[in-house]
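S.K.: My questions all concern the structure below.
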Amino acid sequence: MGLSWQQGPLGAKAVGTFLTPEPLPERLLFAEPLRRRMRVRLGGEWVADSEDVVLLHEPGRYPVAYFPRDDVTGLSEEARTTNHRDLGATAWFAVKDAKHAAWQHVDLPGHASVLADRVAFAWRAMDAFYEEDERIVGHAADPYHRIDIRQTSRHLVVRDGDRVVADTTRPLALYESGFAPRWYVPREDVDASALQLADGQTFCPYKGLASYYDIGDRGRAAWSYPEAWAEVARVSDWVSFEPDVVDVYLDDRKLALEPGQTVVPHGVDRGLTPEEIEEQR
């Protein structure tokens, strides 16, 4: 997703190439000012509130927000220390009663001094993160992440063996940073009896809460965003199918899942309902 996740330019399996005469280092970290007010809530209180957040992009990881120590409250230093492969010794903190909930790199190399005296929070340990008064779900949003949705008249067919699960000539193509295109089908063109709602949901900071469906004995073969965020409302309640689980044909060409497209659910937000999320937005 975005700059460093999935197949982004700083990702471990970047789909593109830097046109440089010399090979780049195997790992490139990129830090930049977020230029947005970000707040962190725990136990009914704000434990961080800053307009001076630095966002760290690290290969293969979601972006991480670093707050000035002066904008953070409730920290208690722990005996636990770890070592970051690029950023050196790392001290850990409890935040109020939450253990191992925040960290600070305390022996930074000179080229990483932008992170000096800054603290990052473990997403799962906090109750909620906000930009201004709107809750950010899943993980910190990547400013380089983009979604474009395009209408198409291409013929898309989904099969479970001999059974036709979906057949449409009006799918939506969703292009998302770091991902191969995903194809969404209107409910009217899907055999609803083929979909069995699966347990568990995940969050995307850019699209919202996703529900999953089994098709026959094929687990989580499809998904949908019942109430997608307003920015991607065109795919609300449409259905997309996983081409490595069921057979998906686009203009008679069988699709295959491209490498490196796995999404890792993240954060305590995974357990909330759409209504609970909306109350926080």
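Order determines the names: the first chain of the structure tokens is A, the second B, and so forth; residues in each chain are numbered 1 upward, and ligands are numbered 1 upward as they are shown.
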DSSP on the backbone, strand (DSSP E or B) only: what residues of region 12-239 of chain A does that give? Format it as number ranges by chain.

M.R.: A: 30-33, 38-42, 45-50, 54-57, 64-68, 72, 75-84, 88-95, 98-105, 118-121, 128-131, 134-136, 147-151, 156-160, 163-168, 172-176, 182-185, 190, 196-204, 208-215, 218-225, 236, 239

S.K.: Which of these residues is nearest to Leu42 (chain A), using only C-alpha atoms: A:Leu250, A:Val245, A:Ala228, A:Ala98?

M.R.: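 Ranked by minimum distance to Leu42 (chain A), first place goes to A:Ala98.
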
S.K.: Hey, can you check how far CA of Lys96 (chain A) sits from CA of Ala122 (chain A)?

M.R.: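 Computing the Euclidean distance for CA of Lys96 (chain A) and CA of Ala122 (chain A) yields 13.3 Å.
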
S.K.: If I take CA of Ala192 (chain A) and CA of Arg170 (chain A), how far is one from the other in Å, to one decimal?

M.R.: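 Value for the CA of Ala192 (chain A)-CA of Arg170 (chain A) distance: 17.3 Å.
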
S.K.: Which residues are near Gly43 (chain A)? Cut-off 9 Å, only C-alpha atoms, ignore same chain within fewer than 5 positions. Put them as a PDB file with all heavy atoms, in the first residue's frame.

M.R.:
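Below you can see around.pdb, which holds the result:
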ATOM      1  N   LYS A  96      -0.021   4.688  30.235  1.00  0.00           N
ATOM      2  CA  LYS A  96      -0.999   4.445  31.294  1.00  0.00           C
ATOM      3  C   LYS A  96      -0.845   2.991  31.739  1.00  0.00           C
ATOM      4  O   LYS A  96       0.217   2.604  32.176  1.00  0.00           O
ATOM      5  CB  LYS A  96      -2.403   4.793  30.807  1.00  0.00           C
ATOM      6  CG  LYS A  96      -2.545   6.263  30.393  1.00  0.00           C
ATOM      7  CD  LYS A  96      -3.930   6.619  29.936  1.00  0.00           C
ATOM      8  CE  LYS A  96      -4.928   6.594  31.068  1.00  0.00           C
ATOM      9  NZ  LYS A  96      -6.260   7.075  30.643  1.00  0.00           N
ATOM     10  N   ASP A  97      -1.874   2.151  31.594  1.00  0.00           N
ATOM     11  CA  ASP A  97      -1.763   0.758  32.046  1.00  0.00           C
ATOM     12  C   ASP A  97      -1.419  -0.212  30.906  1.00  0.00           C
ATOM     13  O   ASP A  97      -1.342  -1.424  31.140  1.00  0.00           O
ATOM     14  CB  ASP A  97      -3.074   0.313  32.694  1.00  0.00           C
ATOM     15  CG  ASP A  97      -3.375   1.077  33.980  1.00  0.00           C
ATOM     16  OD1 ASP A  97      -2.413   1.464  34.662  1.00  0.00           O
ATOM     17  OD2 ASP A  97      -4.561   1.289  34.285  1.00  0.00           O
ATOM     18  N   MET A 126      -3.470   0.991  21.537  1.00  0.00           N
ATOM     19  CA  MET A 126      -4.243   2.207  21.747  1.00  0.00           C
ATOM     20  C   MET A 126      -5.729   1.962  21.447  1.00  0.00           C
ATOM     21  O   MET A 126      -6.082   1.047  20.726  1.00  0.00           O
ATOM     22  CB  MET A 126      -3.724   3.323  20.847  1.00  0.00           C
ATOM     23  CG  MET A 126      -2.267   3.706  21.102  1.00  0.00           C
ATOM     24  SD  MET A 126      -1.977   4.386  22.764  1.00  0.00           S
ATOM     25  CE  MET A 126      -1.209   2.978  23.580  1.00  0.00           C
ATOM     26  N   ASP A 127      -6.573   2.828  21.976  1.00  0.00           N
ATOM     27  CA  ASP A 127      -8.002   2.714  21.694  1.00  0.00           C
ATOM     28  C   ASP A 127      -8.341   3.252  20.306  1.00  0.00           C
ATOM     29  O   ASP A 127      -9.195   2.691  19.618  1.00  0.00           O
ATOM     30  CB  ASP A 127      -8.818   3.471  22.745  1.00  0.00           C
ATOM     31  CG  ASP A 127      -8.810   2.783  24.092  1.00  0.00           C
ATOM     32  OD1 ASP A 127      -8.475   1.584  24.144  1.00  0.00           O
ATOM     33  OD2 ASP A 127      -9.133   3.443  25.100  1.00  0.00           O
TER      34      ASP A 127
END

S.K.: I'd like to know which of A:Pro63, A:Ile215, A:Glu32, A:Ala230 is closest to Ala112 (chain A), using only C-alpha atoms.

M.R.: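 Ranked by minimum distance to Ala112 (chain A), first place goes to A:Glu32.
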
S.K.: Name all residues at most 7 Å from region 75-87 of chain A (count only C-alpha atoms; drop same-chain ones fewer than 3 positions away) and give them as an NGL selection string.

M.R.: :A and (90-96 or 105 or 108-109)

S.K.: Which residue out of A:Lys13, A:Arg159, A:Arg118, A:Arg146 has the minimum interatomic distance to Phe67 (chain A) when only C-alpha atoms are used?

M.R.: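 Comparing A:Lys13, A:Arg159, A:Arg118, A:Arg146 against Phe67 (chain A), the winner is A:Arg118.
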
S.K.: Which one of A:Lys254, A:Arg163, A:His100, A:Lys207 sits closest to Val190 (chain A) if you count only C-alpha atoms?

M.R.: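 Between A:Lys254, A:Arg163, A:His100, A:Lys207, the residue approaching Val190 (chain A) most closely is A:Arg163.
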
S.K.: Within 9 Å of Asp117 (chain A), counting only C-alpha atoms, which residues qualify if same-chain residues fewer than 3 places away don't, as a list in words?

M.R.: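 Final neighbour list, sorted by chain and number: Phe67, Pro68, Arg69, Asp70, Gln104, His105, Val106, Ser113 and Val114 of chain A.
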
S.K.: Export, as a short mmCIF file (atom, residue, chain, number, x, y, z; two decimals), in the first residue's frame, the selected residues with all heavy atoms.

M.R.:
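Written out: selection.cif:
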data_model
loop_
_atom_site.label_atom_id
_atom_site.label_comp_id
_atom_site.auth_asym_id
_atom_site.auth_seq_id
_atom_site.Cartn_x
_atom_site.Cartn_y
_atom_site.Cartn_z
N PHE A 67 5.60 10.98 17.25
CA PHE A 67 5.17 12.21 17.91
C PHE A 67 6.31 12.80 18.75
O PHE A 67 7.07 12.04 19.38
CB PHE A 67 4.00 11.92 18.86
CG PHE A 67 2.74 11.48 18.19
CD1 PHE A 67 2.59 10.17 17.71
CD2 PHE A 67 1.67 12.35 18.03
CE1 PHE A 67 1.42 9.76 17.10
CE2 PHE A 67 0.49 11.95 17.44
CZ PHE A 67 0.37 10.65 16.95
N PRO A 68 6.43 14.11 18.80
CA PRO A 68 7.39 14.72 19.73
C PRO A 68 7.08 14.31 21.16
O PRO A 68 5.91 14.27 21.55
CB PRO A 68 7.20 16.22 19.53
CG PRO A 68 6.52 16.36 18.20
CD PRO A 68 5.68 15.13 18.03
N ARG A 69 8.12 14.02 21.96
CA ARG A 69 7.88 13.63 23.35
C ARG A 69 7.07 14.68 24.09
O ARG A 69 6.25 14.35 24.96
CB ARG A 69 9.22 13.42 24.07
CG ARG A 69 9.90 12.09 23.80
CD ARG A 69 9.20 10.92 24.48
NE ARG A 69 9.15 11.01 25.91
CZ ARG A 69 10.00 10.44 26.75
NH1 ARG A 69 11.02 9.75 26.26
NH2 ARG A 69 9.85 10.55 28.05
N ASP A 70 7.27 15.94 23.76
CA ASP A 70 6.56 17.01 24.47
C ASP A 70 5.06 17.00 24.19
O ASP A 70 4.29 17.63 24.92
CB ASP A 70 7.12 18.37 24.07
CG ASP A 70 8.53 18.60 24.61
OD1 ASP A 70 8.94 17.85 25.52
OD2 ASP A 70 9.22 19.51 24.12
N GLN A 104 10.75 4.44 21.47
CA GLN A 104 11.56 5.55 21.01
C GLN A 104 12.94 5.02 20.64
O GLN A 104 13.53 4.23 21.37
CB GLN A 104 11.70 6.61 22.11
CG GLN A 104 12.58 7.79 21.72
CD GLN A 104 12.74 8.78 22.86
OE1 GLN A 104 12.11 8.66 23.90
NE2 GLN A 104 13.61 9.77 22.67
N HIS A 105 13.46 5.44 19.49
CA HIS A 105 14.81 5.08 19.09
C HIS A 105 15.78 6.02 19.79
O HIS A 105 15.73 7.24 19.58
CB HIS A 105 14.96 5.17 17.58
CG HIS A 105 13.95 4.35 16.83
ND1 HIS A 105 13.86 2.97 16.96
CD2 HIS A 105 12.96 4.71 15.97
CE1 HIS A 105 12.87 2.53 16.20
NE2 HIS A 105 12.31 3.55 15.60
N VAL A 106 16.65 5.47 20.65
CA VAL A 106 17.45 6.30 21.55
C VAL A 106 18.91 6.40 21.14
O VAL A 106 19.69 7.10 21.81
CB VAL A 106 17.34 5.76 22.99
CG1 VAL A 106 15.91 5.94 23.51
CG2 VAL A 106 17.75 4.29 23.07
N SER A 113 18.34 11.59 12.30
CA SER A 113 18.10 12.48 13.44
C SER A 113 16.71 13.10 13.44
O SER A 113 16.25 13.60 14.46
CB SER A 113 19.16 13.59 13.47
OG SER A 113 19.09 14.37 12.28
N VAL A 114 16.01 13.06 12.31
CA VAL A 114 14.65 13.61 12.26
C VAL A 114 13.72 12.88 13.23
O VAL A 114 12.68 13.42 13.64
CB VAL A 114 14.10 13.54 10.82
CG1 VAL A 114 13.87 12.10 10.39
CG2 VAL A 114 12.81 14.35 10.68
#

S.K.: Might you pull out every residue within 9 Å of Gln7 (chain A), with only C-alpha atoms counted and same-chain residues fewer than 3 positions away left off, and present them as a PyMOL selection string?

M.R.: chain A and resi 1-4+10-16+60+177-179+260-261

S.K.: Which residue gives the smallest distance to Asp142 (chain A) among A:Val47, A:Ala233, A:Ala221, A:Leu55, with only C-alpha atoms counted?

M.R.: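 Going through A:Val47, A:Ala233, A:Ala221, A:Leu55 one by one, the smallest distance to Asp142 (chain A) is for A:Leu55.
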
S.K.: Report, in Å with one decimal, the straight-line distance from CA of Glu132 (chain A) to CA of Pro226 (chain A).

M.R.: 25.4 Å

S.K.: Which of these, A:Ala48, A:Val239, A:Ala141, A:Val232, has the shortest distance to Ser211 (chain A) once you count only C-alpha atoms?

M.R.: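 Closest candidate: A:Val239.
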
S.K.: Could you give me the residues within region 58-152 of chain A that DSSP places in helix (DSSP H, G or I), as a PyMOL selection string?

M.R.: chain A and resi 69-71+110-115+123-125

S.K.: Export C-alpha atoms of the chosen residues as a short mmCIF file (atom, residue, chain, number, x, y, z; two decimals), in the first residue's frame?

M.R.:
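Writing the result to out-v3.cif gives the following:
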data_model
loop_
_atom_site.label_atom_id
_atom_site.label_comp_id
_atom_site.auth_asym_id
_atom_site.auth_seq_id
_atom_site.Cartn_x
_atom_site.Cartn_y
_atom_site.Cartn_z
CA ARG A 69 7.88 13.63 23.35
CA ASP A 70 6.56 17.01 24.47
CA ASP A 71 3.21 16.22 22.78
CA GLY A 110 23.11 10.82 12.33
CA HIS A 111 21.21 10.48 9.06
CA ALA A 112 18.03 9.56 11.01
CA SER A 113 18.10 12.48 13.44
CA VAL A 114 14.65 13.61 12.26
CA LEU A 115 13.26 10.89 14.59
CA TRP A 123 -1.54 0.59 17.05
CA ARG A 124 -3.14 -2.42 18.73
CA ALA A 125 -2.36 -1.07 22.21
#

S.K.: Need the shell around Glu231 (chain A): protein/DNA/RNA residues with any atom at most 12 Å away, counting only C-alpha atoms. Skip same-chain ones fewer than 6 positions apart. Format as a ChimeraX atom specification?

M.R.: /A:146-149,205-208
